[in-house]
Amino acid sequence: MANWDEISEEVDELARTTKNPFNEVRRIHLNRFAEKTGRNALAYYSGWLQKNGPGFGSFVSITDEDKNGLMACFRNMKFENGLDIFIHSPGGNVAATDSLIHYIRSKFGSNVRVFVPQLSMSGGTMIAFAGKEIWMGLHSNLGPIDPQFGSQPAQLVLDEFDDISKKIASAPELIHVYRPILEQIRPTFLSTCRHAIDWSKEIGKKSLMRGMFEGHDDAEEKADKIVNYFSDATQHKHHSRHIHREECEEVGLKIMNFESDQEMQDLALGVHHAFVFTLMNTPIAKIIENQNGIFQAKAIGDHPLSSNER
C-alpha cells in the first residue's frame, strides 16, 4: 500500500520528469489496480472534506454534469470486462444520481463492483447499491439515503407534522402553540416530502434488484429490508451518520472485506491515497477518471475544469 509519505515521494519524483505529477501518480495507481483485476476501473472522487462550506456544493456534490465525465471515461472501454468503481462522495442531486446509475447499467449491466475505501454517503450510497458487491474496510462507511430539503430531513418533517396533528386532535386549544410551526409549511411541501422518500427508496430498490440480488427469488424482500434501513431517519438520527461495514453486512448487503485480501487492499488504498492527495494539494474539487488516465476534473477558481495533459 502506498501511504501518504510514499505518495508524496512519488509525486516529488514524478515532478522531475512530467508536467503534472498529481495526474501521473493517480494514473499509475488506478492502472495498477486494473491490471490486477483485468477489469475496467473508474474513480469517482469528491473533495468535499477539503473544500467545504457555503458555495462549494455544486463543485463537490453529485450533479448532472458528472455524466460528461462518465461519458469521457467510458469511451473505448471493453464493456464485457465489467467495471470497478471507486466512490468517495457526499451524495448530491437525486435525479442526477438515478440517471448516473441508469447510464452505468446501460453500459455494464450488473457486472459492476463498488469500492468504498473511506466514505460513500447519501447518493454515493445509492450508487454503491448498484454494485453486485461492495468492497469495504474497517475504515469504510456508507450513509443514510433519506432525502433532505436543505437541512430538513423529509421523514422528520412528516413525523413532526403527524405528531402535532395528533396533539391538536386530542387538545384543540394547542393550535395556538403550534400555529407558528404549521404556518411555515408551504403548500404541497408535505406531499413533496412523501414523494421524495418514495423516490429514494425506489432508486435504491431498483439498483439492488438489478445488481446484487439479480436472479434471487427473494430479491424484492432483501432489497426492501436494505432500503428501509438506510432510509430510516428516525433510527439514524442524522443524515451524516456513518454506517459501518458490519452494519451493512447485518442488514443484507453483499460486502467484501478488504482485510481478507491484502493485495487487493494495498492496491485499493494506493488508489484512494493518490486521489485524496490530489484533492488535498490542488484546487481540484472533483475527479472522474479511468485506468487509462482519461479524466474530467472540476476545480475551484481559475484552475482548468478539465484536462488530460500530462
# chains A, B, ... in the order shown; residues from 1 in each chain; ligands from 1
$ residues_around --residues "range 6-22 of chain A" --least-positions-apart "3" --cutoff "12 Å" --atoms "only C-alpha atoms" --output "PyMOL selection string"
chain A and resi 1-3+25-29+269-284+287+293+307-310
$ write_last_selection --atoms "N, CA, C and O atoms" --output "CSV table (one decimal), in the first residue's frame"
chain,number,residue,atom,x,y,z
A,1,MET,N,0.8,-1.2,0.0
A,1,MET,CA,0.0,0.0,0.0
A,1,MET,C,0.9,1.2,0.0
A,1,MET,O,1.8,1.3,0.8
A,2,ALA,N,0.5,2.2,-0.9
A,2,ALA,CA,1.2,3.5,-0.9
A,2,ALA,C,0.6,4.4,0.2
A,2,ALA,O,-0.5,4.8,0.0
A,3,ASN,N,1.3,4.7,1.2
A,3,ASN,CA,0.8,5.6,2.2
A,3,ASN,C,1.0,7.0,1.9
A,3,ASN,O,1.6,7.3,0.8
A,25,VAL,N,0.5,10.2,-10.9
A,25,VAL,CA,0.5,9.3,-9.8
A,25,VAL,C,-0.9,8.6,-9.7
A,25,VAL,O,-1.0,7.4,-9.3
A,26,ARG,N,-1.9,9.4,-10.0
A,26,ARG,CA,-3.3,8.8,-9.9
A,26,ARG,C,-3.4,7.7,-11.0
A,26,ARG,O,-3.9,6.6,-10.8
A,27,ARG,N,-2.9,8.0,-12.2
A,27,ARG,CA,-3.0,7.1,-13.3
A,27,ARG,C,-2.2,5.8,-13.0
A,27,ARG,O,-2.7,4.7,-13.3
A,28,ILE,N,-1.0,5.9,-12.4
A,28,ILE,CA,-0.2,4.8,-12.1
A,28,ILE,C,-0.9,3.8,-11.2
A,28,ILE,O,-1.0,2.6,-11.4
A,29,HIS,N,-1.5,4.4,-10.1
A,29,HIS,CA,-2.2,3.5,-9.1
A,29,HIS,C,-3.5,2.9,-9.6
A,29,HIS,O,-3.8,1.8,-9.3
A,269,LEU,N,-6.1,1.0,-1.6
A,269,LEU,CA,-5.8,2.1,-0.8
A,269,LEU,C,-4.7,3.0,-1.4
A,269,LEU,O,-4.6,4.2,-1.2
A,270,GLY,N,-3.9,2.4,-2.3
A,270,GLY,CA,-3.0,3.2,-3.1
A,270,GLY,C,-3.7,4.1,-4.0
A,270,GLY,O,-3.4,5.3,-4.1
A,271,VAL,N,-4.8,3.6,-4.6
A,271,VAL,CA,-5.7,4.4,-5.5
A,271,VAL,C,-6.3,5.6,-4.6
A,271,VAL,O,-6.2,6.7,-5.0
A,272,HIS,N,-6.8,5.2,-3.5
A,272,HIS,CA,-7.5,6.2,-2.6
A,272,HIS,C,-6.6,7.3,-2.2
A,272,HIS,O,-6.9,8.5,-2.3
A,273,HIS,N,-5.4,6.9,-1.7
A,273,HIS,CA,-4.4,7.9,-1.3
A,273,HIS,C,-4.0,8.8,-2.4
A,273,HIS,O,-3.8,10.0,-2.2
A,274,ALA,N,-3.8,8.2,-3.6
A,274,ALA,CA,-3.3,9.1,-4.7
A,274,ALA,C,-4.4,10.1,-5.1
A,274,ALA,O,-4.1,11.3,-5.4
A,275,PHE,N,-5.7,9.7,-5.0
A,275,PHE,CA,-6.7,10.7,-5.4
A,275,PHE,C,-6.9,11.7,-4.3
A,275,PHE,O,-7.1,12.9,-4.5
A,276,VAL,N,-6.9,11.3,-3.0
A,276,VAL,CA,-7.1,12.2,-1.9
A,276,VAL,C,-5.9,13.2,-1.9
A,276,VAL,O,-6.1,14.4,-1.5
A,277,PHE,N,-4.7,12.7,-2.2
A,277,PHE,CA,-3.6,13.6,-2.2
A,277,PHE,C,-3.7,14.7,-3.2
A,277,PHE,O,-3.4,15.9,-2.9
A,278,THR,N,-4.3,14.4,-4.3
A,278,THR,CA,-4.6,15.5,-5.3
A,278,THR,C,-5.6,16.5,-4.8
A,278,THR,O,-5.4,17.7,-4.9
A,279,LEU,N,-6.7,15.9,-4.2
A,279,LEU,CA,-7.7,16.8,-3.6
A,279,LEU,C,-7.2,17.7,-2.5
A,279,LEU,O,-7.7,18.8,-2.3
A,280,MET,N,-6.2,17.2,-1.8
A,280,MET,CA,-5.7,18.0,-0.7
A,280,MET,C,-4.7,19.1,-1.1
A,280,MET,O,-4.6,20.1,-0.4
A,281,ASN,N,-4.0,18.8,-2.2
A,281,ASN,CA,-2.9,19.7,-2.6
A,281,ASN,C,-3.1,20.5,-3.9
A,281,ASN,O,-2.2,21.1,-4.4
A,282,THR,N,-4.3,20.4,-4.5
A,282,THR,CA,-4.6,21.2,-5.7
A,282,THR,C,-6.0,21.9,-5.5
A,282,THR,O,-6.7,21.5,-4.6
A,283,PRO,N,-6.3,22.8,-6.5
A,283,PRO,CA,-7.7,23.4,-6.4
A,283,PRO,C,-8.8,22.4,-6.9
A,283,PRO,O,-9.9,22.8,-6.9
A,284,ILE,N,-8.4,21.2,-7.3
A,284,ILE,CA,-9.4,20.3,-7.8
A,284,ILE,C,-10.4,19.9,-6.7
A,284,ILE,O,-10.0,19.5,-5.6
A,287,ILE,N,-13.0,14.6,-9.2
A,287,ILE,CA,-12.3,14.0,-10.3
A,287,ILE,C,-13.1,12.7,-10.7
A,287,ILE,O,-13.5,11.9,-9.8
A,293,GLY,N,-6.1,6.9,-17.7
A,293,GLY,CA,-5.7,8.3,-17.5
A,293,GLY,C,-6.6,9.3,-18.1
A,293,GLY,O,-6.3,10.5,-18.2
A,307,SER,N,-8.8,18.5,-17.9
A,307,SER,CA,-7.6,18.4,-18.7
A,307,SER,C,-7.1,17.0,-18.7
A,307,SER,O,-7.2,16.3,-17.7
A,308,ASN,N,-6.5,16.6,-19.8
A,308,ASN,CA,-5.8,15.3,-19.8
A,308,ASN,C,-4.4,15.5,-20.2
A,308,ASN,O,-3.7,14.6,-20.7
A,309,GLU,N,-3.8,16.7,-20.0
A,309,GLU,CA,-2.4,17.0,-20.2
A,309,GLU,C,-1.6,16.2,-19.2
A,309,GLU,O,-2.0,16.2,-18.0
A,310,ARG,N,-0.4,15.7,-19.6
A,310,ARG,CA,0.4,15.0,-18.6
A,310,ARG,C,1.8,15.5,-18.8
A,310,ARG,O,2.2,15.9,-19.9
$ closest_atom_pairs --of "range 116-161 of chain A" --to "range 174-193 of chain A" --cutoff "10 Å" --atoms "only C-alpha atoms" --output "JSON lines"
{"residue": "A:Pro147", "atom": "CA", "partner": "A:Cys193", "partner_atom": "CA", "distance": 8.0}
{"residue": "A:Gln148", "atom": "CA", "partner": "A:Cys193", "partner_atom": "CA", "distance": 8.6}
{"residue": "A:Phe149", "atom": "CA", "partner": "A:Cys193", "partner_atom": "CA", "distance": 8.4}
{"residue": "A:Gln152", "atom": "CA", "partner": "A:Cys193", "partner_atom": "CA", "distance": 9.9}
{"residue": "A:Pro153", "atom": "CA", "partner": "A:Cys193", "partner_atom": "CA", "distance": 8.6}
{"residue": "A:Ala154", "atom": "CA", "partner": "A:Cys193", "partner_atom": "CA", "distance": 4.9}
{"residue": "A:Gln155", "atom": "CA", "partner": "A:Cys193", "partner_atom": "CA", "distance": 7.0}
{"residue": "A:Leu156", "atom": "CA", "partner": "A:Cys193", "partner_atom": "CA", "distance": 9.5}
{"residue": "A:Val157", "atom": "CA", "partner": "A:Leu190", "partner_atom": "CA", "distance": 7.6}
{"residue": "A:Leu158", "atom": "CA", "partner": "A:Leu190", "partner_atom": "CA", "distance": 6.6}
{"residue": "A:Glu160", "atom": "CA", "partner": "A:Ile181", "partner_atom": "CA", "distance": 9.8}
{"residue": "A:Phe161", "atom": "CA", "partner": "A:Leu182", "partner_atom": "CA", "distance": 7.9}
$ closest_residue --among "A:Ser165, A:Gln118, A:Ser200, A:Gln235" --to "Gly137 in chain A" --atoms "only C-alpha atoms"
A:Gln118
$ closest_residue --among "A:Asn52, A:Ser207, A:Ser151, A:Ser99" --to "Val112 in chain A" --atoms "only C-alpha atoms"
A:Ser207
$ closest_atom_pairs --of "range 271-304 of chain A" --to "range 61-79 of chain A" --cutoff "7 Å" --atoms "only C-alpha atoms" --output "Markdown table"
| residue | atom | partner | partner_atom | distance |
| --- | --- | --- | --- | --- |
| A:Ile288 | CA | A:Gly69 | CA | 5.7 |
| A:Glu289 | CA | A:Cys73 | CA | 6.3 |
| A:Asn290 | CA | A:Cys73 | CA | 5.6 |
| A:Ile294 | CA | A:Cys73 | CA | 5.8 |
| A:Phe295 | CA | A:Cys73 | CA | 6.3 |
| A:Gln296 | CA | A:Gly69 | CA | 5.3 |
$ residues_around --residues "Leu138 in chain A" --least-positions-apart "3" --cutoff "12 Å" --atoms "only C-alpha atoms" --output "ChimeraX atom specification"
/A:116-119,135,141-142,243-248,255-260,265
$ write_last_selection --atoms "N, CA and C atoms" --output "PDB file, in the first residue's frame"
ATOM      1  N   VAL A 116     -15.341   1.148  -1.701  1.00  0.00           N
ATOM      2  CA  VAL A 116     -15.501   2.302  -0.813  1.00  0.00           C
ATOM      3  C   VAL A 116     -14.333   2.318   0.172  1.00  0.00           C
ATOM      4  N   PRO A 117     -13.234   2.957  -0.197  1.00  0.00           N
ATOM      5  CA  PRO A 117     -12.075   2.988   0.699  1.00  0.00           C
ATOM      6  C   PRO A 117     -12.287   3.840   1.940  1.00  0.00           C
ATOM      7  N   GLN A 118     -13.228   4.802   1.886  1.00  0.00           N
ATOM      8  CA  GLN A 118     -13.459   5.630   3.058  1.00  0.00           C
ATOM      9  C   GLN A 118     -14.936   5.949   3.241  1.00  0.00           C
ATOM     10  N   LEU A 119     -15.491   6.883   2.462  1.00  0.00           N
ATOM     11  CA  LEU A 119     -16.866   7.333   2.667  1.00  0.00           C
ATOM     12  C   LEU A 119     -17.641   7.406   1.349  1.00  0.00           C
ATOM     13  N   TRP A 135     -16.967  -3.503  -1.771  1.00  0.00           N
ATOM     14  CA  TRP A 135     -15.741  -3.735  -1.017  1.00  0.00           C
ATOM     15  C   TRP A 135     -15.575  -2.623   0.020  1.00  0.00           C
ATOM     16  N   ASN A 141     -17.253   3.540   5.336  1.00  0.00           N
ATOM     17  CA  ASN A 141     -18.631   3.792   5.768  1.00  0.00           C
ATOM     18  C   ASN A 141     -19.529   4.147   4.597  1.00  0.00           C
ATOM     19  N   LEU A 142     -20.770   3.688   4.665  1.00  0.00           N
ATOM     20  CA  LEU A 142     -21.842   4.194   3.834  1.00  0.00           C
ATOM     21  C   LEU A 142     -22.673   5.149   4.683  1.00  0.00           C
ATOM     22  N   ILE A 243     -22.391   4.652   8.605  1.00  0.00           N
ATOM     23  CA  ILE A 243     -22.854   3.272   8.799  1.00  0.00           C
ATOM     24  C   ILE A 243     -21.684   2.338   8.515  1.00  0.00           C
ATOM     25  N   HIS A 244     -21.286   1.575   9.521  1.00  0.00           N
ATOM     26  CA  HIS A 244     -20.076   0.766   9.443  1.00  0.00           C
ATOM     27  C   HIS A 244     -20.304  -0.537   8.684  1.00  0.00           C
ATOM     28  N   ARG A 245     -19.200  -1.140   8.322  1.00  0.00           N
ATOM     29  CA  ARG A 245     -19.247  -2.341   7.478  1.00  0.00           C
ATOM     30  C   ARG A 245     -20.089  -3.458   8.082  1.00  0.00           C
ATOM     31  N   GLU A 246     -19.926  -3.712   9.378  1.00  0.00           N
ATOM     32  CA  GLU A 246     -20.661  -4.813   9.995  1.00  0.00           C
ATOM     33  C   GLU A 246     -22.167  -4.551   9.985  1.00  0.00           C
ATOM     34  N   GLU A 247     -22.575  -3.290  10.079  1.00  0.00           N
ATOM     35  CA  GLU A 247     -23.994  -2.956   9.983  1.00  0.00           C
ATOM     36  C   GLU A 247     -24.511  -3.213   8.576  1.00  0.00           C
ATOM     37  N   CYS A 248     -23.693  -2.885   7.577  1.00  0.00           N
ATOM     38  CA  CYS A 248     -24.069  -3.140   6.178  1.00  0.00           C
ATOM     39  C   CYS A 248     -24.240  -4.635   5.931  1.00  0.00           C
ATOM     40  N   ILE A 255     -21.072  -7.678   1.181  1.00  0.00           N
ATOM     41  CA  ILE A 255     -19.878  -6.899   1.457  1.00  0.00           C
ATOM     42  C   ILE A 255     -18.640  -7.792   1.356  1.00  0.00           C
ATOM     43  N   MET A 256     -17.642  -7.313   0.641  1.00  0.00           N
ATOM     44  CA  MET A 256     -16.342  -7.970   0.566  1.00  0.00           C
ATOM     45  C   MET A 256     -15.371  -7.183   1.441  1.00  0.00           C
ATOM     46  N   ASN A 257     -14.622  -7.887   2.278  1.00  0.00           N
ATOM     47  CA  ASN A 257     -13.738  -7.223   3.225  1.00  0.00           C
ATOM     48  C   ASN A 257     -12.344  -7.024   2.646  1.00  0.00           C
ATOM     49  N   PHE A 258     -11.876  -5.783   2.663  1.00  0.00           N
ATOM     50  CA  PHE A 258     -10.517  -5.512   2.204  1.00  0.00           C
ATOM     51  C   PHE A 258      -9.500  -6.352   2.969  1.00  0.00           C
ATOM     52  N   GLU A 259      -9.733  -6.526   4.260  1.00  0.00           N
ATOM     53  CA  GLU A 259      -8.751  -7.229   5.094  1.00  0.00           C
ATOM     54  C   GLU A 259      -8.605  -8.698   4.740  1.00  0.00           C
ATOM     55  N   SER A 260      -9.567  -9.241   3.976  1.00  0.00           N
ATOM     56  CA  SER A 260      -9.487 -10.645   3.582  1.00  0.00           C
ATOM     57  C   SER A 260      -8.575 -10.868   2.380  1.00  0.00           C
ATOM     58  N   GLN A 265      -6.405  -4.923  -0.932  1.00  0.00           N
ATOM     59  CA  GLN A 265      -6.469  -3.771  -0.036  1.00  0.00           C
ATOM     60  C   GLN A 265      -5.332  -2.796  -0.316  1.00  0.00           C
TER      61      GLN A 265
END
$ select_by_dssp --residues "range 25-235 of chain A" --states "helix (DSSP H, G or I)" --output "count of residues only"
114
$ atom_distance --atom1 "CA of Leu208 in chain A" --atom2 "CA of Phe129 in chain A"
5.5 Å
$ atom_distance --atom1 "CA of Ile168 in chain A" --atom2 "CA of His239 in chain A"
29.0 Å
$ closest_residue --among "A:Met126, A:Ala285, A:Ile203, A:Ala268" --to "Ile300 in chain A" --atoms "only C-alpha atoms"
A:Ala285
$ decode --residues "range 114-148 of chain A" --atoms "N, CA, C and O atoms" --output "PDB file, in the first residue's frame"
ATOM      1  N   VAL A 114     -18.277  -2.222  -6.572  1.00  0.00           N
ATOM      2  CA  VAL A 114     -18.063  -0.908  -5.986  1.00  0.00           C
ATOM      3  C   VAL A 114     -17.048  -1.006  -4.855  1.00  0.00           C
ATOM      4  O   VAL A 114     -17.112  -1.927  -4.037  1.00  0.00           O
ATOM      5  N   PHE A 115     -16.130  -0.038  -4.823  1.00  0.00           N
ATOM      6  CA  PHE A 115     -15.081   0.003  -3.799  1.00  0.00           C
ATOM      7  C   PHE A 115     -15.230   1.299  -3.011  1.00  0.00           C
ATOM      8  O   PHE A 115     -15.256   2.384  -3.589  1.00  0.00           O
ATOM      9  N   VAL A 116     -15.341   1.148  -1.701  1.00  0.00           N
ATOM     10  CA  VAL A 116     -15.501   2.302  -0.813  1.00  0.00           C
ATOM     11  C   VAL A 116     -14.333   2.318   0.172  1.00  0.00           C
ATOM     12  O   VAL A 116     -14.416   1.742   1.254  1.00  0.00           O
ATOM     13  N   PRO A 117     -13.234   2.957  -0.197  1.00  0.00           N
ATOM     14  CA  PRO A 117     -12.075   2.988   0.699  1.00  0.00           C
ATOM     15  C   PRO A 117     -12.287   3.840   1.940  1.00  0.00           C
ATOM     16  O   PRO A 117     -11.612   3.644   2.947  1.00  0.00           O
ATOM     17  N   GLN A 118     -13.228   4.802   1.886  1.00  0.00           N
ATOM     18  CA  GLN A 118     -13.459   5.630   3.058  1.00  0.00           C
ATOM     19  C   GLN A 118     -14.936   5.949   3.241  1.00  0.00           C
ATOM     20  O   GLN A 118     -15.597   5.357   4.073  1.00  0.00           O
ATOM     21  N   LEU A 119     -15.491   6.883   2.462  1.00  0.00           N
ATOM     22  CA  LEU A 119     -16.866   7.333   2.667  1.00  0.00           C
ATOM     23  C   LEU A 119     -17.641   7.406   1.349  1.00  0.00           C
ATOM     24  O   LEU A 119     -17.158   7.974   0.377  1.00  0.00           O
ATOM     25  N   SER A 120     -18.833   6.831   1.357  1.00  0.00           N
ATOM     26  CA  SER A 120     -19.761   6.993   0.238  1.00  0.00           C
ATOM     27  C   SER A 120     -21.124   7.252   0.852  1.00  0.00           C
ATOM     28  O   SER A 120     -21.787   6.345   1.343  1.00  0.00           O
ATOM     29  N   MET A 121     -21.542   8.525   0.843  1.00  0.00           N
ATOM     30  CA  MET A 121     -22.707   8.953   1.602  1.00  0.00           C
ATOM     31  C   MET A 121     -23.889   9.285   0.689  1.00  0.00           C
ATOM     32  O   MET A 121     -23.705   9.683  -0.459  1.00  0.00           O
ATOM     33  N   SER A 122     -25.092   9.118   1.227  1.00  0.00           N
ATOM     34  CA  SER A 122     -26.314   9.589   0.575  1.00  0.00           C
ATOM     35  C   SER A 122     -26.421   9.064  -0.863  1.00  0.00           C
ATOM     36  O   SER A 122     -26.540   7.862  -1.071  1.00  0.00           O
ATOM     37  N   GLY A 123     -26.361   9.942  -1.866  1.00  0.00           N
ATOM     38  CA  GLY A 123     -26.402   9.490  -3.249  1.00  0.00           C
ATOM     39  C   GLY A 123     -25.245   8.582  -3.600  1.00  0.00           C
ATOM     40  O   GLY A 123     -25.365   7.705  -4.459  1.00  0.00           O
ATOM     41  N   GLY A 124     -24.097   8.770  -2.944  1.00  0.00           N
ATOM     42  CA  GLY A 124     -22.973   7.855  -3.138  1.00  0.00           C
ATOM     43  C   GLY A 124     -23.320   6.453  -2.679  1.00  0.00           C
ATOM     44  O   GLY A 124     -22.896   5.460  -3.281  1.00  0.00           O
ATOM     45  N   THR A 125     -24.111   6.354  -1.606  1.00  0.00           N
ATOM     46  CA  THR A 125     -24.586   5.048  -1.145  1.00  0.00           C
ATOM     47  C   THR A 125     -25.508   4.422  -2.176  1.00  0.00           C
ATOM     48  O   THR A 125     -25.442   3.215  -2.434  1.00  0.00           O
ATOM     49  N   MET A 126     -26.368   5.228  -2.792  1.00  0.00           N
ATOM     50  CA  MET A 126     -27.251   4.708  -3.840  1.00  0.00           C
ATOM     51  C   MET A 126     -26.444   4.129  -4.994  1.00  0.00           C
ATOM     52  O   MET A 126     -26.796   3.073  -5.546  1.00  0.00           O
ATOM     53  N   ILE A 127     -25.373   4.816  -5.378  1.00  0.00           N
ATOM     54  CA  ILE A 127     -24.521   4.289  -6.446  1.00  0.00           C
ATOM     55  C   ILE A 127     -23.861   2.995  -5.996  1.00  0.00           C
ATOM     56  O   ILE A 127     -23.739   2.037  -6.770  1.00  0.00           O
ATOM     57  N   ALA A 128     -23.455   2.932  -4.737  1.00  0.00           N
ATOM     58  CA  ALA A 128     -22.856   1.704  -4.215  1.00  0.00           C
ATOM     59  C   ALA A 128     -23.839   0.538  -4.297  1.00  0.00           C
ATOM     60  O   ALA A 128     -23.439  -0.607  -4.546  1.00  0.00           O
ATOM     61  N   PHE A 129     -25.126   0.827  -4.107  1.00  0.00           N
ATOM     62  CA  PHE A 129     -26.142  -0.225  -4.204  1.00  0.00           C
ATOM     63  C   PHE A 129     -26.189  -0.847  -5.599  1.00  0.00           C
ATOM     64  O   PHE A 129     -26.724  -1.947  -5.767  1.00  0.00           O
ATOM     65  N   ALA A 130     -25.658  -0.154  -6.596  1.00  0.00           N
ATOM     66  CA  ALA A 130     -25.690  -0.674  -7.970  1.00  0.00           C
ATOM     67  C   ALA A 130     -24.637  -1.760  -8.190  1.00  0.00           C
ATOM     68  O   ALA A 130     -24.627  -2.405  -9.236  1.00  0.00           O
ATOM     69  N   GLY A 131     -23.744  -1.953  -7.241  1.00  0.00           N
ATOM     70  CA  GLY A 131     -22.705  -2.960  -7.393  1.00  0.00           C
ATOM     71  C   GLY A 131     -23.197  -4.362  -7.067  1.00  0.00           C
ATOM     72  O   GLY A 131     -24.040  -4.540  -6.186  1.00  0.00           O
ATOM     73  N   LYS A 132     -22.672  -5.360  -7.755  1.00  0.00           N
ATOM     74  CA  LYS A 132     -23.016  -6.735  -7.399  1.00  0.00           C
ATOM     75  C   LYS A 132     -22.365  -7.126  -6.081  1.00  0.00           C
ATOM     76  O   LYS A 132     -22.770  -8.098  -5.432  1.00  0.00           O
ATOM     77  N   GLU A 133     -21.354  -6.361  -5.678  1.00  0.00           N
ATOM     78  CA  GLU A 133     -20.728  -6.492  -4.367  1.00  0.00           C
ATOM     79  C   GLU A 133     -20.073  -5.160  -4.026  1.00  0.00           C
ATOM     80  O   GLU A 133     -19.740  -4.375  -4.916  1.00  0.00           O
ATOM     81  N   ILE A 134     -19.945  -4.900  -2.732  1.00  0.00           N
ATOM     82  CA  ILE A 134     -19.336  -3.658  -2.258  1.00  0.00           C
ATOM     83  C   ILE A 134     -18.130  -4.020  -1.400  1.00  0.00           C
ATOM     84  O   ILE A 134     -18.256  -4.757  -0.423  1.00  0.00           O
ATOM     85  N   TRP A 135     -16.967  -3.503  -1.771  1.00  0.00           N
ATOM     86  CA  TRP A 135     -15.741  -3.735  -1.017  1.00  0.00           C
ATOM     87  C   TRP A 135     -15.575  -2.623   0.020  1.00  0.00           C
ATOM     88  O   TRP A 135     -15.593  -1.435  -0.318  1.00  0.00           O
ATOM     89  N   MET A 136     -15.413  -3.031   1.274  1.00  0.00           N
ATOM     90  CA  MET A 136     -15.246  -2.075   2.360  1.00  0.00           C
ATOM     91  C   MET A 136     -14.181  -2.582   3.333  1.00  0.00           C
ATOM     92  O   MET A 136     -13.958  -3.791   3.442  1.00  0.00           O
ATOM     93  N   GLY A 137     -13.552  -1.649   4.022  1.00  0.00           N
ATOM     94  CA  GLY A 137     -12.614  -1.994   5.070  1.00  0.00           C
ATOM     95  C   GLY A 137     -13.177  -1.596   6.423  1.00  0.00           C
ATOM     96  O   GLY A 137     -14.288  -1.068   6.531  1.00  0.00           O
ATOM     97  N   LEU A 138     -12.416  -1.844   7.466  1.00  0.00           N
ATOM     98  CA  LEU A 138     -12.820  -1.409   8.796  1.00  0.00           C
ATOM     99  C   LEU A 138     -12.920   0.111   8.864  1.00  0.00           C
ATOM    100  O   LEU A 138     -13.571   0.658   9.760  1.00  0.00           O
ATOM    101  N   HIS A 139     -12.273   0.785   7.909  1.00  0.00           N
ATOM    102  CA  HIS A 139     -12.228   2.238   7.852  1.00  0.00           C
ATOM    103  C   HIS A 139     -13.290   2.810   6.918  1.00  0.00           C
ATOM    104  O   HIS A 139     -13.307   4.022   6.680  1.00  0.00           O
ATOM    105  N   SER A 140     -14.165   1.968   6.364  1.00  0.00           N
ATOM    106  CA  SER A 140     -15.128   2.397   5.344  1.00  0.00           C
ATOM    107  C   SER A 140     -16.514   2.604   5.938  1.00  0.00           C
ATOM    108  O   SER A 140     -16.917   1.897   6.873  1.00  0.00           O
ATOM    109  N   ASN A 141     -17.253   3.540   5.336  1.00  0.00           N
ATOM    110  CA  ASN A 141     -18.631   3.792   5.768  1.00  0.00           C
ATOM    111  C   ASN A 141     -19.529   4.147   4.597  1.00  0.00           C
ATOM    112  O   ASN A 141     -19.099   4.821   3.659  1.00  0.00           O
ATOM    113  N   LEU A 142     -20.770   3.688   4.665  1.00  0.00           N
ATOM    114  CA  LEU A 142     -21.842   4.194   3.834  1.00  0.00           C
ATOM    115  C   LEU A 142     -22.673   5.149   4.683  1.00  0.00           C
ATOM    116  O   LEU A 142     -22.409   5.314   5.873  1.00  0.00           O
ATOM    117  N   GLY A 143     -23.675   5.783   4.061  1.00  0.00           N
ATOM    118  CA  GLY A 143     -24.505   6.731   4.796  1.00  0.00           C
ATOM    119  C   GLY A 143     -25.977   6.535   4.507  1.00  0.00           C
ATOM    120  O   GLY A 143     -26.350   5.847   3.556  1.00  0.00           O
ATOM    121  N   PRO A 144     -26.854   7.119   5.315  1.00  0.00           N
ATOM    122  CA  PRO A 144     -28.299   7.025   5.079  1.00  0.00           C
ATOM    123  C   PRO A 144     -28.682   7.628   3.730  1.00  0.00           C
ATOM    124  O   PRO A 144     -27.987   8.494   3.202  1.00  0.00           O
ATOM    125  N   ILE A 145     -29.815   7.173   3.197  1.00  0.00           N
ATOM    126  CA  ILE A 145     -30.277   7.674   1.905  1.00  0.00           C
ATOM    127  C   ILE A 145     -31.603   8.421   2.040  1.00  0.00           C
ATOM    128  O   ILE A 145     -32.291   8.656   1.046  1.00  0.00           O
ATOM    129  N   ASP A 146     -31.974   8.809   3.273  1.00  0.00           N
ATOM    130  CA  ASP A 146     -33.215   9.560   3.454  1.00  0.00           C
ATOM    131  C   ASP A 146     -33.072  10.942   2.822  1.00  0.00           C
ATOM    132  O   ASP A 146     -32.081  11.630   3.042  1.00  0.00           O
ATOM    133  N   PRO A 147     -34.038  11.381   2.013  1.00  0.00           N
ATOM    134  CA  PRO A 147     -33.907  12.672   1.305  1.00  0.00           C
ATOM    135  C   PRO A 147     -33.967  13.857   2.251  1.00  0.00           C
ATOM    136  O   PRO A 147     -34.619  13.814   3.295  1.00  0.00           O
ATOM    137  N   GLN A 148     -33.261  14.912   1.860  1.00  0.00           N
ATOM    138  CA  GLN A 148     -33.181  16.141   2.637  1.00  0.00           C
ATOM    139  C   GLN A 148     -33.673  17.325   1.808  1.00  0.00           C
ATOM    140  O   GLN A 148     -33.471  17.367   0.600  1.00  0.00           O
TER     141      GLN A 148
END
